[in-house]
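Content type mmCIF, C-alpha atoms and all ligand atoms, from the file run_24.cif:
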data_start
#
loop_
_atom_site.group_PDB
_atom_site.id
_atom_site.type_symbol
_atom_site.label_atom_id
_atom_site.label_comp_id
_atom_site.auth_asym_id
_atom_site.auth_seq_id
_atom_site.Cartn_x
_atom_site.Cartn_y
_atom_site.Cartn_z
ATOM 1 C CA MET A 15 79.407 -78.927 22.224
ATOM 2 C CA SER A 16 76.193 -76.931 22.612
ATOM 3 C CA ALA A 17 73.667 -77.159 25.444
ATOM 4 C CA PRO A 18 70.382 -79.069 24.834
ATOM 5 C CA LEU A 19 67.650 -76.824 23.440
ATOM 6 C CA PRO A 20 65.377 -75.369 26.124
ATOM 7 C CA GLY A 21 61.579 -75.334 26.090
ATOM 8 C CA ILE A 22 58.802 -73.689 28.089
ATOM 9 C CA ASP A 23 56.904 -75.768 30.655
ATOM 10 C CA ALA A 24 53.125 -76.017 30.292
ATOM 11 C CA SER A 25 51.133 -74.093 32.900
ATOM 12 C CA THR A 26 49.501 -76.057 35.694
ATOM 13 C CA GLY A 27 47.090 -75.460 38.587
ATOM 14 C CA ALA A 28 45.920 -71.908 39.294
ATOM 15 C CA LEU A 29 47.859 -70.376 36.402
ATOM 16 C CA ARG A 30 46.143 -72.646 33.879
ATOM 17 C CA TRP A 31 42.730 -71.708 35.306
ATOM 18 C CA LEU A 32 43.684 -68.027 35.155
ATOM 19 C CA TRP A 33 44.572 -68.351 31.448
ATOM 20 C CA LEU A 34 41.321 -70.183 30.685
ATOM 21 C CA ALA A 35 39.245 -67.610 32.612
ATOM 22 C CA ALA A 36 41.026 -64.727 30.846
ATOM 23 C CA ILE A 37 40.458 -66.281 27.409
ATOM 24 C CA GLY A 38 36.777 -66.922 28.231
ATOM 25 C CA ALA A 39 36.301 -63.360 29.520
ATOM 26 C CA ALA A 40 38.088 -61.772 26.537
ATOM 27 C CA PHE A 41 36.090 -63.745 23.956
ATOM 28 C CA ALA A 42 32.797 -63.088 25.806
ATOM 29 C CA ALA A 43 33.512 -59.330 25.968
ATOM 30 C CA LEU A 44 34.511 -59.320 22.278
ATOM 31 C CA ALA A 45 31.249 -61.095 21.383
ATOM 32 C CA VAL A 46 29.206 -58.507 23.329
ATOM 33 C CA LEU A 47 31.139 -55.650 21.696
ATOM 34 C CA GLY A 48 30.645 -57.190 18.244
ATOM 35 C CA ALA A 49 26.913 -57.694 18.833
ATOM 36 C CA ARG A 50 26.503 -54.079 19.955
ATOM 37 C CA ILE A 51 28.377 -52.796 16.898
ATOM 38 C CA VAL A 52 26.278 -54.895 14.523
ATOM 39 C CA THR A 53 23.006 -53.721 16.093
ATOM 40 C CA ARG A 54 23.919 -50.055 16.757
ATOM 41 C CA VAL A 55 26.267 -49.045 13.915
ATOM 42 C CA ASP A 56 25.205 -48.660 10.281
ATOM 43 C CA LEU A 57 27.873 -50.879 8.719
ATOM 44 C CA GLY A 58 27.139 -49.477 5.228
ATOM 45 C CA GLN A 59 28.824 -46.147 6.035
ATOM 46 C CA TRP A 60 31.995 -45.242 4.087
ATOM 47 C CA TRP A 61 34.230 -45.039 7.137
ATOM 48 C CA VAL A 62 33.465 -48.528 8.461
ATOM 49 C CA PRO A 63 35.906 -50.542 6.254
ATOM 50 C CA LEU A 64 38.564 -47.810 6.617
ATOM 51 C CA VAL A 65 38.410 -47.749 10.423
ATOM 52 C CA PHE A 66 38.338 -51.541 10.637
ATOM 53 C CA ALA A 67 41.339 -51.986 8.277
ATOM 54 C CA ALA A 68 43.273 -49.239 10.094
ATOM 55 C CA SER A 69 42.598 -50.880 13.467
ATOM 56 C CA VAL A 70 43.826 -54.283 12.265
ATOM 57 C CA LEU A 71 46.870 -52.549 10.759
ATOM 58 C CA GLY A 72 47.399 -50.923 14.173
ATOM 59 C CA ALA A 73 47.292 -54.342 15.859
ATOM 60 C CA ASP A 74 49.952 -55.619 13.443
ATOM 61 C CA PHE A 75 52.136 -52.572 14.074
ATOM 62 C CA ALA A 76 51.739 -52.968 17.845
ATOM 63 C CA SER A 77 52.707 -56.656 17.611
ATOM 64 C CA GLY A 78 55.892 -55.601 15.809
ATOM 65 C CA VAL A 79 56.783 -52.962 18.386
ATOM 66 C CA VAL A 80 56.236 -55.350 21.333
ATOM 67 C CA HIS A 81 58.148 -58.158 19.579
ATOM 68 C CA TRP A 82 61.057 -55.851 18.629
ATOM 69 C CA SER A 83 61.237 -54.428 22.169
ATOM 70 C CA ALA A 84 61.364 -57.887 23.742
ATOM 71 C CA ASP A 85 63.831 -59.278 21.173
ATOM 72 C CA THR A 86 66.188 -56.321 21.300
ATOM 73 C CA TRP A 87 66.443 -54.990 24.846
ATOM 74 C CA GLY A 88 66.656 -56.220 28.420
ATOM 75 C CA ARG A 89 68.051 -59.341 30.061
ATOM 76 C CA ASP A 90 66.287 -62.572 30.855
ATOM 77 C CA ASP A 91 66.959 -62.109 34.583
ATOM 78 C CA LEU A 92 65.011 -58.825 34.882
ATOM 79 C CA PRO A 93 62.261 -59.013 37.562
ATOM 80 C CA VAL A 94 58.844 -60.209 36.291
ATOM 81 C CA ILE A 95 59.190 -59.280 32.590
ATOM 82 C CA GLY A 96 62.419 -61.284 32.306
ATOM 83 C CA ARG A 97 60.750 -64.581 33.096
ATOM 84 C CA ARG A 98 57.289 -63.885 31.709
ATOM 85 C CA LEU A 99 58.161 -61.947 28.535
ATOM 86 C CA LEU A 100 61.844 -61.998 27.604
ATOM 87 C CA VAL A 101 62.687 -65.675 28.202
ATOM 88 C CA PRO A 102 59.885 -66.923 25.889
ATOM 89 C CA PHE A 103 61.118 -64.596 23.109
ATOM 90 C CA ARG A 104 64.750 -65.738 23.598
ATOM 91 C CA LEU A 105 63.784 -69.413 23.600
ATOM 92 C CA HIS A 106 61.596 -68.904 20.549
ATOM 93 C CA HIS A 107 64.654 -67.988 18.466
ATOM 94 C CA VAL A 108 66.826 -70.899 19.545
ATOM 95 C CA ASN A 109 64.000 -73.482 19.593
ATOM 96 C CA PRO A 110 61.105 -72.260 17.381
ATOM 97 C CA ASP A 111 59.416 -75.674 17.188
ATOM 98 C CA ASP A 112 58.818 -75.620 20.961
ATOM 99 C CA PHE A 113 56.012 -73.146 20.204
ATOM 100 C CA LEU A 114 54.098 -75.931 18.438
ATOM 101 C CA ARG A 115 53.956 -77.913 21.719
ATOM 102 C CA ARG A 116 52.150 -75.095 23.542
ATOM 103 C CA ASN A 117 48.438 -75.667 24.135
ATOM 104 C CA PHE A 118 45.697 -73.112 23.419
ATOM 105 C CA ALA A 119 45.573 -71.771 26.997
ATOM 106 C CA ASP A 120 49.336 -71.249 27.259
ATOM 107 C CA THR A 121 49.524 -69.706 23.793
ATOM 108 C CA ASN A 122 46.752 -67.168 24.319
ATOM 109 C CA GLY A 123 46.284 -66.735 28.087
ATOM 110 C CA ASP A 124 48.569 -63.814 28.881
ATOM 111 C CA VAL A 125 47.473 -61.662 25.927
ATOM 112 C CA ALA A 126 43.811 -62.411 26.746
ATOM 113 C CA LEU A 127 44.455 -61.286 30.325
ATOM 114 C CA LEU A 128 45.753 -57.934 29.062
ATOM 115 C CA ALA A 129 42.973 -57.538 26.480
ATOM 116 C CA ALA A 130 39.922 -58.568 28.539
ATOM 117 C CA GLY A 131 39.688 -55.311 30.524
ATOM 118 C CA PRO A 132 39.910 -52.873 27.590
ATOM 119 C CA ILE A 133 37.467 -54.976 25.531
ATOM 120 C CA ALA A 134 34.994 -55.070 28.442
ATOM 121 C CA ALA A 135 35.269 -51.266 28.776
ATOM 122 C CA LEU A 136 34.593 -50.855 25.044
ATOM 123 C CA ALA A 137 31.638 -53.253 25.278
ATOM 124 C CA MET A 138 30.043 -51.097 28.002
ATOM 125 C CA MET A 139 30.646 -47.779 26.218
ATOM 126 C CA PRO A 140 27.570 -45.863 25.009
ATOM 127 C CA LEU A 141 27.276 -45.702 21.210
ATOM 128 C CA ASP A 142 25.214 -42.521 20.898
ATOM 129 C CA GLU A 143 27.856 -40.223 19.384
ATOM 130 C CA ALA A 144 29.751 -40.757 16.113
ATOM 131 C CA TRP A 145 33.139 -40.778 17.867
ATOM 132 C CA GLN A 146 31.918 -43.495 20.224
ATOM 133 C CA ARG A 147 30.902 -45.693 17.293
ATOM 134 C CA VAL A 148 34.263 -45.123 15.583
ATOM 135 C CA THR A 149 36.088 -45.937 18.847
ATOM 136 C CA ALA A 150 34.048 -49.104 19.387
ATOM 137 C CA LEU A 151 34.687 -50.379 15.860
ATOM 138 C CA GLY A 152 38.384 -49.439 15.969
ATOM 139 C CA GLY A 153 38.727 -51.043 19.394
ATOM 140 C CA PHE A 154 37.028 -54.203 18.119
ATOM 141 C CA GLY A 155 39.559 -54.533 15.269
ATOM 142 C CA LEU A 156 42.581 -53.548 17.362
ATOM 143 C CA CYS A 157 41.789 -55.714 20.396
ATOM 144 C CA GLY A 158 40.265 -58.593 18.416
ATOM 145 C CA ALA A 159 43.297 -58.969 16.137
ATOM 146 C CA GLY A 160 45.665 -58.109 18.998
ATOM 147 C CA MET A 161 44.358 -60.792 21.363
ATOM 148 C CA LEU A 162 44.796 -63.418 18.620
ATOM 149 C CA THR A 163 48.392 -62.422 17.845
ATOM 150 C CA ASN A 164 50.078 -65.343 19.602
ATOM 151 C CA GLN A 165 47.607 -67.787 18.043
ATOM 152 C CA ILE A 166 48.232 -66.338 14.573
ATOM 153 C CA HIS A 167 51.980 -66.547 15.238
ATOM 154 C CA GLN A 168 51.631 -70.214 16.232
ATOM 155 C CA TRP A 169 49.616 -70.954 13.062
ATOM 156 C CA ALA A 170 52.448 -69.355 11.044
ATOM 157 C CA HIS A 171 54.806 -71.956 12.537
ATOM 158 C CA MET A 172 52.586 -74.936 11.662
ATOM 159 C CA PRO A 173 53.653 -76.901 8.579
ATOM 160 C CA SER A 174 49.951 -77.830 8.114
ATOM 161 C CA PRO A 175 47.617 -75.302 9.747
ATOM 162 C CA PRO A 176 43.811 -75.843 9.617
ATOM 163 C CA ARG A 177 42.507 -75.364 6.072
ATOM 164 C CA PRO A 178 40.603 -72.064 6.652
ATOM 165 C CA ILE A 179 43.725 -70.649 8.327
ATOM 166 C CA ARG A 180 45.897 -71.735 5.396
ATOM 167 C CA PHE A 181 43.446 -69.926 3.094
ATOM 168 C CA LEU A 182 43.625 -66.704 5.155
ATOM 169 C CA GLN A 183 47.436 -66.949 5.158
ATOM 170 C CA ASN A 184 47.532 -67.491 1.392
ATOM 171 C CA VAL A 185 45.352 -64.441 0.655
ATOM 172 C CA GLY A 186 47.485 -62.272 2.947
ATOM 173 C CA ILE A 187 44.965 -61.658 5.726
ATOM 174 C CA LEU A 188 46.977 -63.583 8.340
ATOM 175 C CA LEU A 189 50.758 -63.827 8.738
ATOM 176 C CA GLY A 190 52.006 -66.762 6.640
ATOM 177 C CA ARG A 191 54.772 -69.276 7.271
ATOM 178 C CA ASP A 192 57.125 -68.051 4.537
ATOM 179 C CA ALA A 193 56.745 -64.398 5.570
ATOM 180 C CA HIS A 194 57.426 -65.274 9.205
ATOM 181 C CA ALA A 195 60.423 -67.430 8.257
ATOM 182 C CA THR A 196 62.141 -64.175 7.280
ATOM 183 C CA HIS A 197 62.140 -63.167 10.951
ATOM 184 C CA HIS A 198 63.683 -66.468 12.026
ATOM 185 C CA ASN A 199 66.817 -65.889 9.957
ATOM 186 C CA ARG A 200 69.708 -64.829 12.208
ATOM 187 C CA PRO A 201 70.147 -62.285 13.659
ATOM 188 C CA TYR A 202 66.312 -62.147 13.905
ATOM 189 C CA ASP A 203 66.133 -58.427 13.145
ATOM 190 C CA ALA A 204 63.488 -58.175 10.359
ATOM 191 C CA HIS A 205 59.730 -58.850 9.920
ATOM 192 C CA TYR A 206 58.812 -58.346 13.584
ATOM 193 C CA CYS A 207 55.055 -57.960 12.951
ATOM 194 C CA ILE A 208 53.201 -61.198 13.662
ATOM 195 C CA THR A 209 49.463 -60.504 13.304
ATOM 196 C CA THR A 210 48.725 -59.844 9.625
ATOM 197 C CA GLY A 211 52.325 -59.081 8.644
ATOM 198 C CA TRP A 212 51.084 -56.080 6.609
ATOM 199 C CA CYS A 213 53.551 -53.666 8.260
ATOM 200 C CA ASN A 214 56.662 -55.804 7.807
ATOM 201 C CA ARG A 215 57.816 -54.738 4.352
ATOM 202 C CA PRO A 216 57.192 -50.984 4.811
ATOM 203 C CA LEU A 217 58.853 -50.912 8.258
ATOM 204 C CA ASP A 218 61.877 -52.886 7.043
ATOM 205 C CA ALA A 219 62.121 -50.732 3.901
ATOM 206 C CA ILE A 220 62.392 -47.473 5.862
ATOM 207 C CA GLY A 221 64.705 -48.969 8.507
ATOM 208 C CA PHE A 222 62.124 -48.152 11.199
ATOM 209 C CA PHE A 223 63.511 -50.339 13.984
ATOM 210 C CA ARG A 224 67.196 -49.701 13.108
ATOM 211 C CA GLY A 225 66.526 -45.974 13.512
ATOM 212 C CA PHE A 226 65.083 -46.476 17.007
ATOM 213 C CA GLU A 227 67.948 -48.776 17.922
ATOM 214 C CA ARG A 228 70.550 -46.174 16.918
ATOM 215 C CA ALA A 229 68.736 -43.496 18.935
ATOM 216 C CA ILE A 230 68.394 -45.723 22.026
ATOM 217 C CA THR A 231 72.046 -46.776 21.820
ATOM 218 C CA ARG A 232 73.116 -43.138 21.528
ATOM 219 C CA VAL A 233 71.129 -42.159 24.625
ATOM 220 C CA THR A 234 71.619 -45.206 26.875
ATOM 221 C CA GLY A 235 74.697 -46.962 25.504
ATOM 222 C CA ALA A 236 72.727 -50.253 25.424
ATOM 223 C CA ARG A 237 73.605 -52.629 22.585
ATOM 224 C CA PRO A 238 70.697 -54.125 20.586
ATOM 225 C CA ARG A 239 70.192 -57.918 20.791
ATOM 226 C CA HIS A 240 72.911 -58.275 23.414
ATOM 227 C CA ASP A 241 70.906 -60.825 25.410
ATOM 228 C CA ASP A 242 69.825 -62.683 22.264
ATOM 229 C CA GLU A 243 73.499 -63.104 21.350
ATOM 230 C CA ARG A 244 74.154 -64.732 24.752
ATOM 231 C CA TYR A 245 71.537 -67.366 23.881
ATOM 232 C CA GLU A 246 73.140 -67.806 20.450
ATOM 233 C CA ARG A 247 76.494 -68.492 22.068
ATOM 234 C CA ARG A 248 74.999 -70.792 24.694
ATOM 235 C CA TYR A 249 73.124 -73.047 22.254
ATOM 236 C CA GLY A 250 75.477 -72.551 19.310
ATOM 237 C CA SER A 251 75.229 -75.036 16.467
ATOM 238 C CA GLY A 252 72.258 -76.824 18.070
ATOM 239 C CA ILE A 253 69.901 -73.937 17.273
ATOM 240 C CA ALA A 254 66.924 -75.094 15.232
ATOM 241 C CA SER A 255 65.479 -73.260 12.237
ATOM 242 C CA PHE A 256 61.845 -73.725 11.324
ATOM 243 C CA ALA A 257 62.339 -72.213 7.876
ATOM 244 C CA THR A 258 64.222 -75.117 6.342
ATOM 245 C CA ASP A 259 62.946 -78.161 8.193
ATOM 246 C CA ASP A 260 59.907 -79.152 6.119
HETATM 247 ZN ZN ZN A 301 61.736 -62.623 17.442
HETATM 248 ZN ZN ZN A 302 58.101 -67.204 15.331
#
What does the file become when written as structure tokens?
Amino acid sequence: MSAPLPGIDASTGALRWLWLAAIGAAFAALAVLGARIVTRVDLGQWWVPLVFAASVLGADFASGVVHWSADTWGRDDLPVIGRRLLVPFRLHHVNPDDFLRRNFADTNGDVALLAAGPIAALAMMPLDEAWQRVTALGGFGLCGAGMLTNQIHQWAHMPSPPRPIRFLQNVGILLGRDAHATHHNRPYDAHYCITTGWCNRPLDAIGFFRGFERAITRVTGARPRHDDERYERRYGSGIASFATDD
């Protein structure tokens, strides 16, 4: 007999206002940064599409590294990051559909809180030198795609996302449902990148994360996915899979 599947409570009170303020601040700073780039950078230069694509690729890679770290190491009872970071990742594997219940503020608030400061700093940066313009454009792509990662991940779980989102998923600009379903196959150790998904195949092909796991285990003795396996045992046969339920 397995335990009932857990979910994450919606934020209330001050925390909900904090998420909404962070999302508002991050989007406002991104809009200012975007407006400055459009008015101060010659977007016809050869390096513009390269820097922008590389920055979005960087956001996808970073999403994979954060996701792998949270999935693979640590325990859910660690101070602060246990409750705020690790528990949501653990619950997401055993009850993926719970993510679809989360509202916009809860889905995007914590990433917006982390992103708002760096985006505001980029928005205030002078754009006189070439390196400053490259940094501003790269930061726009990295932070813009990065702050939307949880939203893009939620869209990838929706059986029927909004039509423009479905289009962007189908043309490979955003992570799609089928590609993300690969991650949700036990033991949840592939396709960690959840922004565009562009890095997933190359990183899996070269065994990128397995290599780091072997090195970390050699140095620390820690076993990968140890905590995730505890959740597997706790919820057993009741674990839901979003890949086969539509
Ligand atoms: Zn995961
Ligand atoms: Zn997922």
To test your reading of the syntax: which residues would the PyMOL selection byres (((not hetatm)) within 9 of (chain A and resi 301)) return for the file shown? Reply as a PyMOL selection string. chain A and resi 81-82+84-86+103-104+106-107+197-198+202-206
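Listed by chain and then by number, the residues chosen by the PyMOL selection byres (((not hetatm)) within 9 of (chain A and resi 302)) in this file are Phe103, His106, His107, Pro110, Asp111, Phe113, His167, Gln168, Ala170, His171, Arg191, His194, Ala195, His197, His198, Ile208 and Phe256 of chain A.
Minimum atom-to-atom distances from A:Val233, A:Leu32, A:Val65, A:Val46 to Arg147 (chain A) were compared using only C-alpha atoms, and the lowest value belongs to A:Val65.
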Determine the residue set returned by the PyMOL selection byres (((chain A and resi 125-133) around 6) and not hetatm) for the present structure, and present it as a count of residues only. 11
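Distance check against Gln146 (chain A) using all atoms listed in the file: of A:Arg248, A:His240, A:Arg54, A:Arg180, the minimum falls on A:Arg54.
CA of Ile187 (chain A) is found 21.7 Å from CA of Val52 (chain A).
The spacing separating CA of Trp61 (chain A) from CA of Ala150 (chain A) amounts to 12.9 Å.
Residue nearest Trp212 (chain A) within the list A:Asn109, A:Asn164, A:Ser77, A:Thr149: A:Ser77 [criterion: smallest interatomic distance, all atoms listed in the file].
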Within 12 Å of file point (28.6, -49.6, 10.8), counting all atoms listed in the file, expressed as an MDAnalysis selection string: chainID A and resid 48:66 141 144 146:152
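Coordinates place CA of Thr210 (chain A) at a distance of 26.8 Å from CA of Arg228 (chain A).
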Exercise on region 93-111 of chain A, axis-aligned box with 8 Å per side, report centre and edge lengths in Å to one decimal, as lines of an AutoDock Vina configuration file:
center_x = 62.1
center_y = -67.3
center_z = 27.4
size_x = 25.5
size_y = 32.7
size_z = 36.4
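Among the candidate residues A:Val185, A:Ala219, A:Leu162, A:Leu100, the one lying nearest to Asp242 (chain A) is A:Leu100, with distances computed using all atoms listed in the file.
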